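Reviewing the structure listed below.
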Amino acid sequence: MGFEEKWSPVTDAGRDGLRGILAAPGDAVIALDFDGTLAPIVADPSQARAHPGVAGALRTLAPVVRAVVVVTGRPASLAVEYGGLSGVPGVVVLGHYGAERWEDGELTAPPVHPGVARVRGALPDALAAAGAPEGTWVEDKGRSLAVHTRRTAAPEEALELLRAPVDALAAKYGLVVEPGRLVLELRPPGVDKGAALTGFLRERGARSVLYAGDDLGDLAAFAAVEKLRGEGVAGVLVCSGAVGDAPVKELADRADLVVAGPAGVVELLVRLGEAVRER
């Protein structure tokens, strides 16, 4: 079975996108989320590490496409470290939803939004006042703060309990809330994966793109690709769903192709690299 038969998207737009990438890989950008896409989701984000096949797959792909970019809500430096990406020439990492950029070993970023420091001081009291259950914890990403409920006894219920007070606190200090899998992230407005991806594609003059993600934060990138299709940029949208864990429905419903978590993403990237080199 050939690559296009096994990995054929379920939509016409997705099939057009894949054909565009295969026909002219030098005009294509491969764009990837990190957590849940390149790295399995784990209870402690500091323990997340990329699937062992990621570096090799990207090392094969990067020289034959226009660019490979990782678009993540994590600090760019952590994605590089946890992904083993420093040894992969040509890979760019857009961290904090595009607020940071790591390229050729150099990190560039604007000043931190002042609301982040204010929320950092106010968040513990706000969570306590809201009755946050045991197991709720805050991940400090430097440019944003994420409230996790995965370790609580009833994670979904805890997330709903905290949604309104977290929204109110973010609004008070000029931030927005990005929901995800059992997490509410407070971050500066005006940055999201869609804007980051669109800016990068235009910078590189891409004619086609494959974007893979797994969570609600990737919806903005999906929307960006859908919009760019109307401007003549061919696109493939991939949803990464972990084995034994249903993918986020909103993402899966809009995807051209659903694969089995990071292992499935790696296999797709490897086979895509092979297919490109065979042409």
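Residues are named by chain letter and number: chains run A, B, ... in the order of the structure tokens, numbers start at 1 in each chain, and ligands are numbered from 1 in the order shown.
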Long-range neighbours of A:Leu85 as a tab-separated table (two decimals) with all heavy atoms, in the first residue's frame, 7 Å cut-off, only C-alpha atoms, 4 positions minimum in chain:
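For reference, around06.tsv as written:
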```tsv
chain	number	residue	atom	x	y	z
A	55	ALA	N	12.94	13.15	16.88
A	55	ALA	CA	14.14	13.81	16.36
A	55	ALA	C	14.56	13.22	15.03
A	55	ALA	O	14.90	13.95	14.09
A	55	ALA	CB	15.27	13.72	17.38
A	80	VAL	N	12.34	22.79	23.22
A	80	VAL	CA	13.60	22.37	22.62
A	80	VAL	C	14.26	21.30	23.48
A	80	VAL	O	14.70	20.25	22.98
A	80	VAL	CB	14.55	23.57	22.44
A	80	VAL	CG1	15.94	23.10	22.01
A	80	VAL	CG2	13.98	24.55	21.42
A	81	GLU	N	14.30	21.55	24.80
A	81	GLU	CA	14.95	20.60	25.71
A	81	GLU	C	14.19	19.28	25.76
A	81	GLU	O	14.77	18.20	25.60
A	81	GLU	CB	15.02	21.20	27.12
A	81	GLU	CG	15.61	20.25	28.15
A	81	GLU	CD	15.55	20.81	29.56
A	81	GLU	OE1	15.24	22.01	29.73
A	81	GLU	OE2	15.82	20.04	30.51
```
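Once stretch 214-228 of chain A and its same-chain neighbours fewer than 4 positions away are set aside, A:Gly36, A:Thr37, A:Glu178, A:Pro179, A:Gly180, A:Arg181, A:Asp192, A:Lys193, A:Gly194, A:Leu197, A:Thr198, A:Gly232, A:Val233, A:Gly235, A:Leu237, A:Cys239, A:Ser240, A:Gly241, A:Pro247, A:Val248, A:Leu251 remain within 7 Å of it when counting only C-alpha atoms.
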Subject >> Contacts of A:Ala196 within 9 Å, only C-alpha atoms, excl. fewer than 6 positions in-chain, as a count of residues only >> reply: 6
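Closest to A:Arg118 among A:Gly14, A:Pro189, A:Gly261, A:Gly174 is A:Gly174, based on only C-alpha atoms.
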Subject >> Nearest to A:Thr60 by atom-to-atom distance, counting only C-alpha atoms, from A:Val91, A:Ala122, A:Ile41, A:Ala79 >> reply: A:Val91
**OP:** Give the alpha helix (DSSP H) residues of stretch 29-61 of chain A, as DSSP finds them on the backbone, and put them as a list in words.
**Re:**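 Answer for stretch 29-61 of chain A restricted to alpha helix (DSSP H) is Val54, Ala55, Gly56, Ala57, Leu58, Arg59, Thr60 and Leu61 of chain A.
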Original post:
Would you give me, as a ChimeraX atom specification, the residues in stretch 25-191 of chain A that DSSP reads as strand (DSSP E or B)?
Top reply: /A:28-32,35,39,67-71,91-95,100-103,106-108,137-140,145-148,176-180,183-187
Write the residues you've just listed into a file as a compact mmCIF listing (two decimals), in the first residue's frame, and include N, CA and C atoms for each of them.
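Okay, selection.txt is ready:
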```txt
# COMPACT_ATOMS: atom_id res chain seq x y z
N ALA A 28 6.55 23.49 1.16
CA ALA A 28 5.68 23.04 2.26
C ALA A 28 6.29 23.32 3.62
N VAL A 29 5.42 23.66 4.56
CA VAL A 29 5.81 23.78 5.97
C VAL A 29 5.11 22.68 6.76
N ILE A 30 5.87 21.99 7.58
CA ILE A 30 5.33 20.98 8.50
C ILE A 30 5.28 21.63 9.88
N ALA A 31 4.08 21.81 10.41
CA ALA A 31 3.89 22.53 11.68
C ALA A 31 3.27 21.59 12.70
N LEU A 32 3.81 21.61 13.92
CA LEU A 32 3.45 20.60 14.91
C LEU A 32 3.30 21.20 16.30
N ASP A 35 2.93 19.06 23.19
CA ASP A 35 2.30 18.13 24.13
C ASP A 35 1.09 17.46 23.51
N ALA A 39 4.83 14.72 22.08
CA ALA A 39 5.11 14.10 23.38
C ALA A 39 3.81 13.61 24.00
N ALA A 67 10.15 24.31 5.64
CA ALA A 67 10.47 24.50 7.06
C ALA A 67 9.71 23.51 7.90
N VAL A 68 10.27 23.22 9.07
CA VAL A 68 9.57 22.47 10.12
C VAL A 68 9.48 23.40 11.33
N VAL A 69 8.28 23.59 11.86
CA VAL A 69 8.08 24.50 12.98
C VAL A 69 7.23 23.83 14.05
N VAL A 70 7.64 23.97 15.29
CA VAL A 70 6.86 23.51 16.43
C VAL A 70 6.17 24.72 17.04
N VAL A 71 4.85 24.66 17.16
CA VAL A 71 4.07 25.77 17.69
C VAL A 71 3.44 25.29 18.99
N VAL A 91 14.96 23.22 12.42
CA VAL A 91 13.69 23.28 13.13
C VAL A 91 13.55 24.60 13.87
N VAL A 92 12.38 25.23 13.75
CA VAL A 92 12.06 26.47 14.46
C VAL A 92 11.02 26.15 15.52
N VAL A 93 11.12 26.76 16.70
CA VAL A 93 10.13 26.57 17.75
C VAL A 93 9.52 27.92 18.10
N LEU A 94 8.20 28.01 17.97
CA LEU A 94 7.45 29.19 18.39
C LEU A 94 6.79 28.85 19.72
N GLY A 95 7.34 29.40 20.81
CA GLY A 95 6.84 29.09 22.14
C GLY A 95 5.86 30.13 22.65
N GLU A 100 7.42 33.69 21.81
CA GLU A 100 8.85 33.41 21.81
C GLU A 100 9.23 32.68 20.52
N ARG A 101 10.47 32.86 20.12
CA ARG A 101 10.96 32.15 18.93
C ARG A 101 12.37 31.62 19.19
N TRP A 102 12.54 30.33 18.96
CA TRP A 102 13.85 29.70 19.04
C TRP A 102 14.24 29.24 17.64
N GLU A 103 15.41 29.68 17.19
CA GLU A 103 15.88 29.32 15.86
C GLU A 103 17.40 29.38 15.83
N GLU A 106 19.17 30.32 19.05
CA GLU A 106 18.94 31.62 19.68
C GLU A 106 17.46 31.81 20.01
N LEU A 107 17.22 32.39 21.17
CA LEU A 107 15.85 32.64 21.64
C LEU A 107 15.59 34.14 21.62
N THR A 108 14.48 34.54 21.00
CA THR A 108 14.06 35.94 21.01
C THR A 108 12.64 36.02 21.57
N TRP A 137 -3.25 22.30 40.94
CA TRP A 137 -1.93 22.91 41.04
C TRP A 137 -1.69 23.86 39.88
N VAL A 138 -0.77 24.79 40.10
CA VAL A 138 -0.48 25.84 39.14
C VAL A 138 0.90 25.63 38.54
N GLU A 139 0.94 25.61 37.21
CA GLU A 139 2.21 25.53 36.48
C GLU A 139 2.59 26.95 36.05
N ASP A 140 3.73 27.41 36.49
CA ASP A 140 4.22 28.74 36.13
C ASP A 140 5.11 28.62 34.90
N LEU A 145 0.34 31.34 33.21
CA LEU A 145 0.15 30.42 34.33
C LEU A 145 -0.99 29.47 33.98
N ALA A 146 -0.80 28.19 34.29
CA ALA A 146 -1.78 27.18 33.93
C ALA A 146 -2.29 26.49 35.19
N VAL A 147 -3.61 26.46 35.34
CA VAL A 147 -4.25 25.79 36.48
C VAL A 147 -4.66 24.39 36.03
N HIS A 148 -4.06 23.38 36.62
CA HIS A 148 -4.32 21.98 36.25
C HIS A 148 -5.22 21.30 37.27
N VAL A 176 -6.24 36.54 29.09
CA VAL A 176 -7.31 35.69 28.59
C VAL A 176 -7.07 34.27 29.09
N VAL A 177 -8.10 33.45 29.01
CA VAL A 177 -8.00 32.06 29.46
C VAL A 177 -8.07 31.14 28.25
N GLU A 178 -7.08 30.28 28.13
CA GLU A 178 -7.04 29.26 27.08
C GLU A 178 -7.35 27.91 27.72
N PRO A 179 -8.53 27.32 27.45
CA PRO A 179 -8.84 26.02 28.03
C PRO A 179 -8.17 24.89 27.27
N GLY A 180 -7.89 23.82 27.97
CA GLY A 180 -7.31 22.63 27.35
C GLY A 180 -7.75 21.40 28.09
N VAL A 183 -7.07 21.71 31.98
CA VAL A 183 -6.21 22.85 32.31
C VAL A 183 -6.85 24.14 31.84
N LEU A 184 -6.64 25.20 32.61
CA LEU A 184 -7.06 26.55 32.24
C LEU A 184 -5.81 27.41 32.28
N GLU A 185 -5.41 27.94 31.14
CA GLU A 185 -4.18 28.72 31.07
C GLU A 185 -4.50 30.21 30.97
N LEU A 186 -3.91 30.99 31.85
CA LEU A 186 -4.05 32.44 31.83
C LEU A 186 -2.86 33.02 31.10
N ARG A 187 -3.12 33.72 29.98
CA ARG A 187 -2.03 34.22 29.15
C ARG A 187 -2.39 35.56 28.54
```
Original post:
Using only C-alpha atoms, which residues sit within 9 Å of A:Pro89 once same-chain residues fewer than 6 positions away are excluded, as a PyMOL selection string?
Top reply: chain A and resi 58-59+62-63+104
Original post:
Between A:Leu182, A:Ala171, A:Leu123, A:Val191, which has the minimum distance to A:Gly73 (counting only C-alpha atoms)?
Top reply: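 Between A:Leu182, A:Ala171, A:Leu123, A:Val191, the residue approaching A:Gly73 most closely is A:Val191.
Distance check against A:Pro188 using only C-alpha atoms: of A:Gly121, A:Gly115, A:Pro133, A:Gly142, the minimum falls on A:Gly115.
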**OP:** Using only C-alpha atoms, determine which residues lie at most 7 Å from A:Asp256, disregarding the query and same-chain residues fewer than 4 positions distant; provide the list as a PyMOL selection string.
**Re:** chain A and resi 9-11+14+236-238
Store the residues picked out above, limited to C-alpha atoms, as a PDB file, in the first residue's frame.
```pdb
ATOM      1  CA  PRO A   9      -7.179  12.283   4.428  1.00  0.00           C
ATOM      2  CA  VAL A  10     -10.955  11.848   4.667  1.00  0.00           C
ATOM      3  CA  THR A  11     -11.745  15.257   3.129  1.00  0.00           C
ATOM      4  CA  GLY A  14      -7.083  17.408   2.993  1.00  0.00           C
ATOM      5  CA  VAL A 236      -3.703  19.121   5.802  1.00  0.00           C
ATOM      6  CA  LEU A 237      -5.119  19.139   9.352  1.00  0.00           C
ATOM      7  CA  VAL A 238      -4.081  16.227  11.565  1.00  0.00           C
TER       8      VAL A 238
END
```
Subject >> Between atom CA of A:His51 and atom CA of A:Gly213 - distance in Å to one decimal >> reply: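 A separation of 14.5 Å between them.
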**OP:** Would you mind reading off the distance between atom CA of A:Pro40 and atom CA of A:Pro52, one decimal, in Å?
**Re:** 10.7 Å
**OP:** Quick one: pull the distance between atom CA of A:Pro124 and atom CA of A:Glu156, Å, one decimal.
**Re:** 19.9 Å
**OP:** For A:Ser8, list every protein, DNA or RNA residue within 10 Å, evaluated using only C-alpha atoms, and leave out those in the same chain fewer than 5 positions away; present the list as a list in words.
**Re:**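 In the requested format, the answer is Gly2, Phe3, Gly14, Arg15, Leu18, Arg19, Asp256 and Leu257 of chain A.
For the residues A:Ala48, A:Val112, A:Ala234, A:Val42, ranking by smallest atom-to-atom distance to A:Val209 using only C-alpha atoms places A:Ala234 first.
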Original post:
Using only C-alpha atoms, which of the listed residues (A:Arg271, A:Arg277, A:Arg229, A:Arg204) sits closest to A:Asp12?
Top reply: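 Counting only C-alpha atoms, the residue closest to A:Asp12 is A:Arg229.
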